[in-house]
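Chemist: Following this line is final.txt, made up of compact mmCIF, C-alpha atoms and all ligand atoms:
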# COMPACT_ATOMS: atom_id res chain seq x y z
CA MET A 724 106.59 -54.09 217.74
CA GLY A 725 106.03 -56.52 220.54
CA LEU A 726 102.34 -57.05 219.85
CA PHE A 727 102.94 -60.77 219.35
CA ALA A 728 103.98 -60.81 223.03
CA THR A 729 100.64 -59.27 224.01
CA ARG A 730 98.82 -61.90 221.95
CA GLU A 731 100.86 -64.70 223.49
CA ALA A 732 99.80 -63.56 226.99
CA GLU A 733 96.15 -63.45 225.87
CA ARG A 734 96.43 -66.93 224.36
CA LEU A 735 97.87 -68.34 227.60
CA LEU A 736 95.16 -66.73 229.75
CA LYS A 737 92.47 -68.33 227.60
CA GLU A 738 94.27 -71.66 227.83
CA TRP A 739 94.26 -71.31 231.64
CA GLY A 740 90.54 -70.47 231.57
CA ILE A 741 90.86 -66.99 233.09
CA GLN A 742 87.55 -65.23 232.50
CA SER A 743 87.52 -62.21 234.78
CA LEU A 744 89.53 -59.16 235.87
CA PRO A 745 91.74 -58.55 237.72
CA VAL A 746 94.28 -61.12 236.57
CA ASN A 747 96.55 -62.08 239.47
CA PRO A 748 100.16 -62.47 238.25
CA LEU A 749 101.35 -63.78 241.64
CA ALA A 750 98.85 -66.64 241.46
CA ILE A 751 99.99 -67.46 237.92
CA ALA A 752 103.63 -67.55 239.06
CA GLU A 753 102.68 -69.81 241.97
CA GLN A 754 100.82 -72.21 239.67
CA HIS A 755 104.00 -72.56 237.62
CA ASN A 756 106.21 -73.08 240.67
CA ILE A 757 108.00 -69.77 240.24
CA ALA A 758 108.89 -68.39 243.65
CA CYS A 759 108.09 -64.68 244.04
CA GLN A 760 109.44 -62.30 246.63
CA GLY A 761 109.37 -58.55 247.23
CA MET A 762 112.65 -56.71 246.85
CA PRO A 763 112.81 -53.79 249.27
CA SER A 764 115.94 -52.00 248.17
CA LYS A 765 116.01 -49.52 245.36
CA SER A 766 118.92 -50.24 243.06
CA GLY A 767 119.67 -48.54 239.77
CA GLY A 768 116.14 -48.31 238.43
CA VAL A 769 115.71 -52.08 238.49
CA SER A 770 112.00 -52.97 238.61
CA GLY A 771 112.53 -56.65 239.24
CA MET A 772 114.74 -59.65 238.67
CA PHE A 773 114.26 -63.00 237.02
CA ILE A 774 116.49 -65.64 238.56
CA LYS A 775 117.47 -69.14 237.51
CA SER A 776 118.77 -71.70 239.92
CA GLY A 777 119.30 -75.10 238.30
CA ASP A 778 115.89 -75.99 236.89
CA ALA A 779 114.04 -73.63 239.22
CA TYR A 780 113.00 -70.05 238.51
CA GLY A 781 112.33 -67.13 240.82
CA ILE A 782 111.09 -63.57 240.60
CA LEU A 783 112.09 -60.62 242.76
CA TYR A 784 109.94 -57.51 242.33
CA ALA A 785 110.57 -53.99 243.55
CA THR A 786 108.38 -52.77 246.36
CA HIS A 787 110.00 -49.36 246.83
CA ILE A 788 107.35 -47.85 244.59
CA ASP A 789 104.17 -47.77 246.61
CA ASN A 790 101.97 -48.79 243.75
CA GLU A 791 100.34 -52.20 243.54
CA GLY A 792 99.69 -51.67 239.85
CA PHE A 793 103.38 -51.22 239.13
CA GLN A 794 104.25 -54.30 241.18
CA ASN A 795 101.75 -56.38 239.22
CA PHE A 796 103.24 -55.04 236.01
CA SER A 797 106.77 -55.91 237.17
CA ILE A 798 105.72 -59.48 237.96
CA GLY A 799 103.92 -59.68 234.59
CA HIS A 800 107.13 -58.49 232.91
CA GLU A 801 109.21 -61.23 234.60
CA LEU A 802 106.59 -63.83 233.64
CA GLY A 803 107.11 -62.64 230.05
CA HIS A 804 110.75 -63.74 230.32
CA TYR A 805 109.52 -67.16 231.47
CA PHE A 806 106.71 -67.72 228.94
CA LEU A 807 107.85 -65.95 225.76
CA PRO A 808 109.74 -68.07 223.22
CA ASP A 809 113.53 -67.62 223.34
CA HIS A 810 113.38 -65.34 226.39
CA PRO A 811 114.89 -67.67 229.03
CA GLU A 812 117.84 -68.37 226.70
CA ALA A 813 118.28 -64.67 225.91
CA VAL A 814 117.99 -63.22 229.41
CA PHE A 815 120.16 -65.93 230.98
CA SER A 816 122.84 -65.90 228.29
CA GLY A 817 125.55 -64.35 230.47
CA SER A 818 124.33 -64.85 234.02
CA ASP A 819 121.67 -66.58 236.12
CA ILE A 820 120.26 -63.23 237.22
CA HIS A 821 118.43 -60.90 234.84
CA ASN A 822 117.83 -57.29 235.95
CA SER A 823 114.62 -55.87 234.50
CA ARG A 824 113.59 -52.31 233.74
CA ALA A 825 109.88 -52.70 233.26
CA GLY A 826 107.42 -50.02 232.20
CA PHE A 827 108.36 -49.06 228.62
CA VAL A 828 111.55 -47.28 229.71
CA SER A 829 114.05 -49.63 228.09
CA ASP A 830 114.93 -49.79 224.38
CA ASP A 831 116.12 -53.38 224.71
CA GLU A 832 114.08 -55.75 222.53
CA HIS A 833 113.49 -58.37 225.22
CA GLU A 834 112.56 -55.76 227.82
CA SER A 835 110.05 -54.21 225.44
CA GLU A 836 108.56 -57.61 224.60
CA ALA A 837 108.24 -58.47 228.29
CA ASP A 838 106.40 -55.14 228.82
CA HIS A 839 103.98 -55.95 226.01
CA PHE A 840 103.48 -59.40 227.54
CA ALA A 841 102.65 -57.78 230.91
CA CYS A 842 100.12 -55.50 229.18
CA GLY A 843 98.37 -58.46 227.57
CA LEU A 844 98.53 -60.53 230.75
CA LEU A 845 96.95 -57.87 233.01
CA MET A 846 94.72 -56.29 230.34
CA PRO A 847 93.83 -59.02 227.81
CA ASN A 848 91.73 -57.70 224.92
CA TYR A 849 88.88 -60.17 225.49
CA LEU A 850 88.35 -58.88 229.05
CA PHE A 851 89.64 -55.32 228.63
CA ASP A 852 87.48 -54.36 225.62
CA PRO A 853 84.11 -55.06 227.29
CA ALA A 854 85.30 -53.11 230.36
CA LEU A 855 86.44 -50.26 228.09
CA GLU A 856 83.00 -50.05 226.51
CA GLN A 857 81.50 -49.46 229.95
CA ALA A 858 84.21 -47.06 231.10
CA GLY A 859 83.59 -43.99 228.90
CA ASP A 860 86.39 -41.77 227.59
CA GLY A 861 89.68 -40.20 228.57
CA LEU A 862 91.20 -39.93 232.03
CA ASP A 863 88.05 -40.97 233.90
CA ALA A 864 87.82 -44.14 231.82
CA ILE A 865 91.51 -44.89 232.39
CA LYS A 866 91.10 -44.47 236.14
CA SER A 867 88.16 -46.85 236.31
CA LEU A 868 89.94 -49.42 234.09
CA LYS A 869 92.99 -49.17 236.35
CA GLU A 870 90.81 -50.21 239.31
CA CYS A 871 89.32 -53.12 237.29
CA CYS A 872 92.69 -54.44 236.16
CA GLY A 873 94.92 -53.74 239.18
CA THR A 874 97.36 -51.89 236.94
CA SER A 875 99.27 -48.61 237.07
CA LEU A 876 97.76 -45.46 235.60
CA THR A 877 100.42 -45.24 232.86
CA ALA A 878 100.17 -48.89 231.73
CA THR A 879 96.37 -48.62 231.70
CA ALA A 880 96.57 -45.42 229.64
CA ILE A 881 98.81 -47.10 227.06
CA ARG A 882 96.46 -50.07 226.80
CA TYR A 883 93.49 -47.69 226.54
CA ALA A 884 95.15 -45.94 223.58
CA GLN A 885 95.75 -49.32 221.91
CA ARG A 886 92.20 -50.57 222.32
CA THR A 887 89.89 -47.54 222.05
CA PRO A 888 88.39 -46.95 218.59
CA GLU A 889 88.87 -43.16 219.09
CA PRO A 890 92.04 -41.41 217.85
CA THR A 891 94.09 -41.13 221.04
CA ALA A 892 97.61 -40.35 222.20
CA ILE A 893 99.32 -40.88 225.53
CA ILE A 894 102.34 -38.78 226.41
CA VAL A 895 104.58 -39.17 229.44
CA SER A 896 106.73 -36.10 230.09
CA ILE A 897 109.32 -34.82 232.53
CA GLY A 898 109.71 -31.05 232.84
CA ASP A 899 109.73 -29.54 229.36
CA LYS A 900 110.57 -32.79 227.54
CA VAL A 901 108.69 -35.80 226.25
CA ASP A 902 109.68 -39.09 227.88
CA TYR A 903 107.65 -41.15 225.43
CA CYS A 904 104.48 -41.01 223.35
CA PHE A 905 102.00 -43.62 222.12
CA MET A 906 99.79 -42.67 219.17
CA SER A 907 96.85 -44.94 218.38
CA ASP A 908 96.48 -46.39 214.87
CA GLU A 909 93.31 -44.30 214.46
CA LEU A 910 95.24 -41.10 215.17
CA ARG A 911 97.98 -42.05 212.74
CA GLU A 912 95.40 -42.16 209.95
CA TYR A 913 95.37 -38.35 209.81
CA PRO A 914 97.64 -37.17 207.01
CA GLY A 915 100.84 -35.26 207.66
CA LEU A 916 101.09 -35.75 211.42
CA SER A 917 104.56 -36.03 212.98
CA TRP A 918 105.57 -38.51 215.62
CA VAL A 919 106.20 -36.97 219.02
CA LYS A 920 109.71 -38.24 219.69
CA LYS A 921 111.39 -39.21 222.92
CA GLY A 922 113.40 -36.25 224.21
CA SER A 923 111.59 -33.64 222.10
CA TYR A 924 110.29 -30.42 223.67
CA ILE A 925 106.68 -30.14 224.81
CA PRO A 926 104.83 -27.64 222.59
CA ARG A 927 104.47 -24.24 224.30
CA ASN A 928 100.79 -23.90 223.45
CA SER A 929 99.90 -27.18 225.13
CA VAL A 930 98.22 -27.45 228.53
CA THR A 931 100.98 -29.85 229.61
CA TYR A 932 103.66 -27.19 229.07
CA THR A 933 102.04 -24.80 231.57
CA PHE A 934 101.19 -27.63 233.99
CA ASN A 935 104.79 -28.90 234.13
CA LYS A 936 106.16 -25.42 234.93
CA ASP A 937 104.93 -25.87 238.51
CA ASN A 938 106.66 -28.88 240.11
CA ASP A 939 103.98 -29.04 242.80
CA ASN A 940 101.41 -29.95 240.13
CA VAL A 941 103.41 -33.10 239.41
CA ARG A 942 104.36 -33.84 243.02
CA PHE A 943 100.83 -33.54 244.40
CA ALA A 944 99.31 -35.47 241.49
CA ARG A 945 97.14 -32.54 240.46
CA GLN A 946 95.01 -32.60 237.33
CA ASP A 947 94.23 -30.13 234.58
CA ALA A 948 92.49 -30.16 231.21
CA GLY A 949 91.90 -27.98 228.17
CA THR A 950 91.41 -27.97 224.42
CA VAL A 951 94.27 -27.69 221.90
CA ASP A 952 94.66 -27.76 218.13
CA LEU A 953 95.65 -31.12 216.65
CA SER A 954 98.60 -29.33 215.02
CA THR A 955 99.90 -28.07 218.39
CA TRP A 956 101.13 -31.56 219.26
CA PHE A 957 101.40 -33.25 215.88
CA GLY A 958 101.83 -30.57 213.16
CA GLY A 959 100.15 -31.13 209.80
CA ASP A 960 97.40 -29.12 208.09
CA THR A 961 94.33 -30.87 209.45
CA GLU A 962 92.09 -28.51 211.39
CA GLY A 963 90.81 -30.21 214.48
CA LYS A 964 90.70 -29.98 218.24
CA LEU A 965 91.92 -32.38 220.89
CA TYR A 966 90.91 -32.60 224.51
CA GLU A 967 94.09 -32.60 226.62
CA GLU A 968 93.88 -34.12 230.09
CA ILE A 969 96.84 -34.12 232.43
CA VAL A 970 97.67 -35.75 235.73
CA GLY A 971 100.87 -35.52 237.75
CA LEU A 972 102.34 -38.93 238.57
CA GLY A 973 103.52 -37.90 242.04
CA GLY A 974 106.72 -39.48 243.27
CA TYR A 975 107.76 -40.47 239.75
CA GLY A 976 108.29 -36.79 238.85
CA LYS A 977 106.51 -37.48 235.58
CA THR A 978 103.32 -36.23 234.00
CA LEU A 979 100.75 -38.25 232.08
CA THR A 980 98.91 -36.51 229.23
CA ILE A 981 95.91 -38.03 227.48
CA LEU A 982 94.81 -36.61 224.13
CA THR A 983 91.34 -37.58 222.90
CA PRO A 984 89.13 -36.08 220.16
CA SER A 985 87.27 -32.89 221.00
CA ASP A 986 86.37 -31.87 217.47
CA LEU A 987 88.13 -33.90 214.79
CA PRO A 988 87.12 -34.48 211.17
CA ASP A 989 86.67 -38.05 209.98
CA PRO A 990 89.96 -39.13 208.35
CA GLU A 991 88.04 -40.89 205.56
CA GLU A 992 86.30 -37.66 204.62
CA LEU A 993 89.66 -35.87 204.58
CA GLU A 994 90.92 -38.48 202.15
CA GLU A 995 87.86 -38.07 199.91
CA ASP A 996 88.34 -34.29 199.92
CA ALA A 997 91.96 -34.73 198.95
CA GLU A 998 91.08 -37.14 196.15
CA LEU A 999 88.37 -34.82 194.86
CA GLU A 1000 90.79 -31.91 194.85
CA GLU A 1001 93.34 -33.99 193.00
CA SER A 1002 90.82 -35.09 190.37
CA TRP A 1003 89.93 -31.43 189.67
CA THR A 1004 93.49 -30.18 189.61
CA PRO A 1005 94.71 -29.95 186.00
CA ARG A 1006 97.91 -31.84 185.51
CA PHE A 1007 100.52 -29.76 183.80
CA LYS A 1008 103.44 -31.92 184.70
CA ARG A 1009 104.54 -34.13 181.80
ZN ZN B 1101 113.28 -57.86 231.93
As structure tokens, how would this structure be written, given the file I've shared?

Modeler:
Amino acid sequence: MGLFATREAERLLKEWGIQSLPVNPLAIAEQHNIACQGMPSKSGGVSGMFIKSGDAYGILYATHIDNEGFQNFSIGHELGHYFLPDHPEAVFSGSDIHNSRAGFVSDDEHESEADHFACGLLMPNYLFDPALEQAGDGLDAIKSLKECCGTSLTATAIRYAQRTPEPTAIIVSIGDKVDYCFMSDELREYPGLSWVKKGSYIPRNSVTYTFNKDNDNVRFARQDAGTVDLSTWFGGDTEGKLYEEIVGLGGYGKTLTILTPSDLPDPEELEEDAELEESWTPRFKR
């Protein structure tokens, strides 16, 4: 869902001839005569606002979070409401001011699409993929890509999971519960895995569970890592190991977990094994 919004951002960047990272969303807004201004006050989790005044448009973006990456993402999100088809009509249907909750926290369709647009705008595949190839794996790669793209750690991690060819999952958690989880298509190829749902409990055998028990780990942005069974997080019968890397997100009170392969079988081989087994199993039914 929302991937068309990512592609639309990538298409526009190519049309504008943008050929290097980082992409500057403020400059893009300026080129389209959209006035941008920082919004100092913190009000109800609003990350930014998209405002219409006659034929003119403006963006206010939250500056209470001391994180340039998040500010860029917020501006990218508001630009999504400007550039995506049907968005201006939808977000200005009842009022000339739209309050945004950027950062994959809202279930609203237009908010989610604007987030995917921001991802594509700041981390377009045609610039992100070559950088990813140079960056290596896991948390270190995500940190270096974050510097390249001028993005937040979480948004970069999500984009990393989308674009890496390795089976990968990104989990954001608060305390003993999952806030949200992204599983890459490559990870979903393993048979019998369950989705890690919003609001579900963090598995007790995970490294994240122990890490989150100490609030200071989160507050002081500490890191930890370890190896866990694939089934610890995702259930199923496949025997395999994941590398679990964790970093506290500081003031957000959240934790970012990155799961990458440590020792995983090839899903295609698993399928062949299953087919072979089936072909040798006598069929008594019917
Ligand atoms: Zn919005």

Chemist: Using only C-alpha atoms and all ligand atoms, which residues have at least one atom no more than 12 Å from ligand ZN 1101 (chain B)? Output them as a PyMOL selection string.

Modeler: chain A and resi 768-774+782-784+796-805+807+810-811+813-815+820-841

Chemist: Quick one, how far is CA of Ile757 in chain A from CA of Ala779 in chain A?

Modeler: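 That distance, rounded to one decimal, is 7.2 Å.
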
Chemist: Check the smallest atom-to-atom distance from each of A:Cys871, A:Val919, A:Val970, A:Ala758 to Phe943 in chain A using all atoms listed in the file, then report the winner.

Modeler: A:Val970

Chemist: CA of Thr874 in chain A and CA of Asn795 in chain A, how far apart in Å?

Modeler: 6.7 Å

Chemist: Skipping near chain neighbours, those fewer than 5 positions away, what residues fall within 7 Å of Glu733 in chain A using all atoms listed in the file, listed as a VMD selection string?

Modeler: chain A and resid 843 to 844 847

Chemist: Can you pull out every residue within 8 Å of range 909-916 of chain A, counting only C-alpha atoms, but drop anything in the same chain fewer than 2 positions away, and send it as a list in words?

Modeler: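 So, after excluding close chain neighbours, the residues are Pro888, Glu889, Pro890, Thr891, Ala892, Met906, Ser907, Trp918, Ser954, Phe957, Gly958, Gly959, Asp960, Thr961 and Pro990 of chain A.
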
Chemist: At a cut-off of 7 Å, using all atoms listed in the file, what residues contact Phe905 in chain A? Leave out same-chain residues fewer than 3 positions from it and give the result as a VMD selection string.

Modeler: chain A and resid 881 892 to 894

Chemist: For CA of Trp956 in chain A and CA of Leu982 in chain A, determine how far apart the two atoms are, in Å to one decimal place.

Modeler: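 A separation of 9.4 Å between them.
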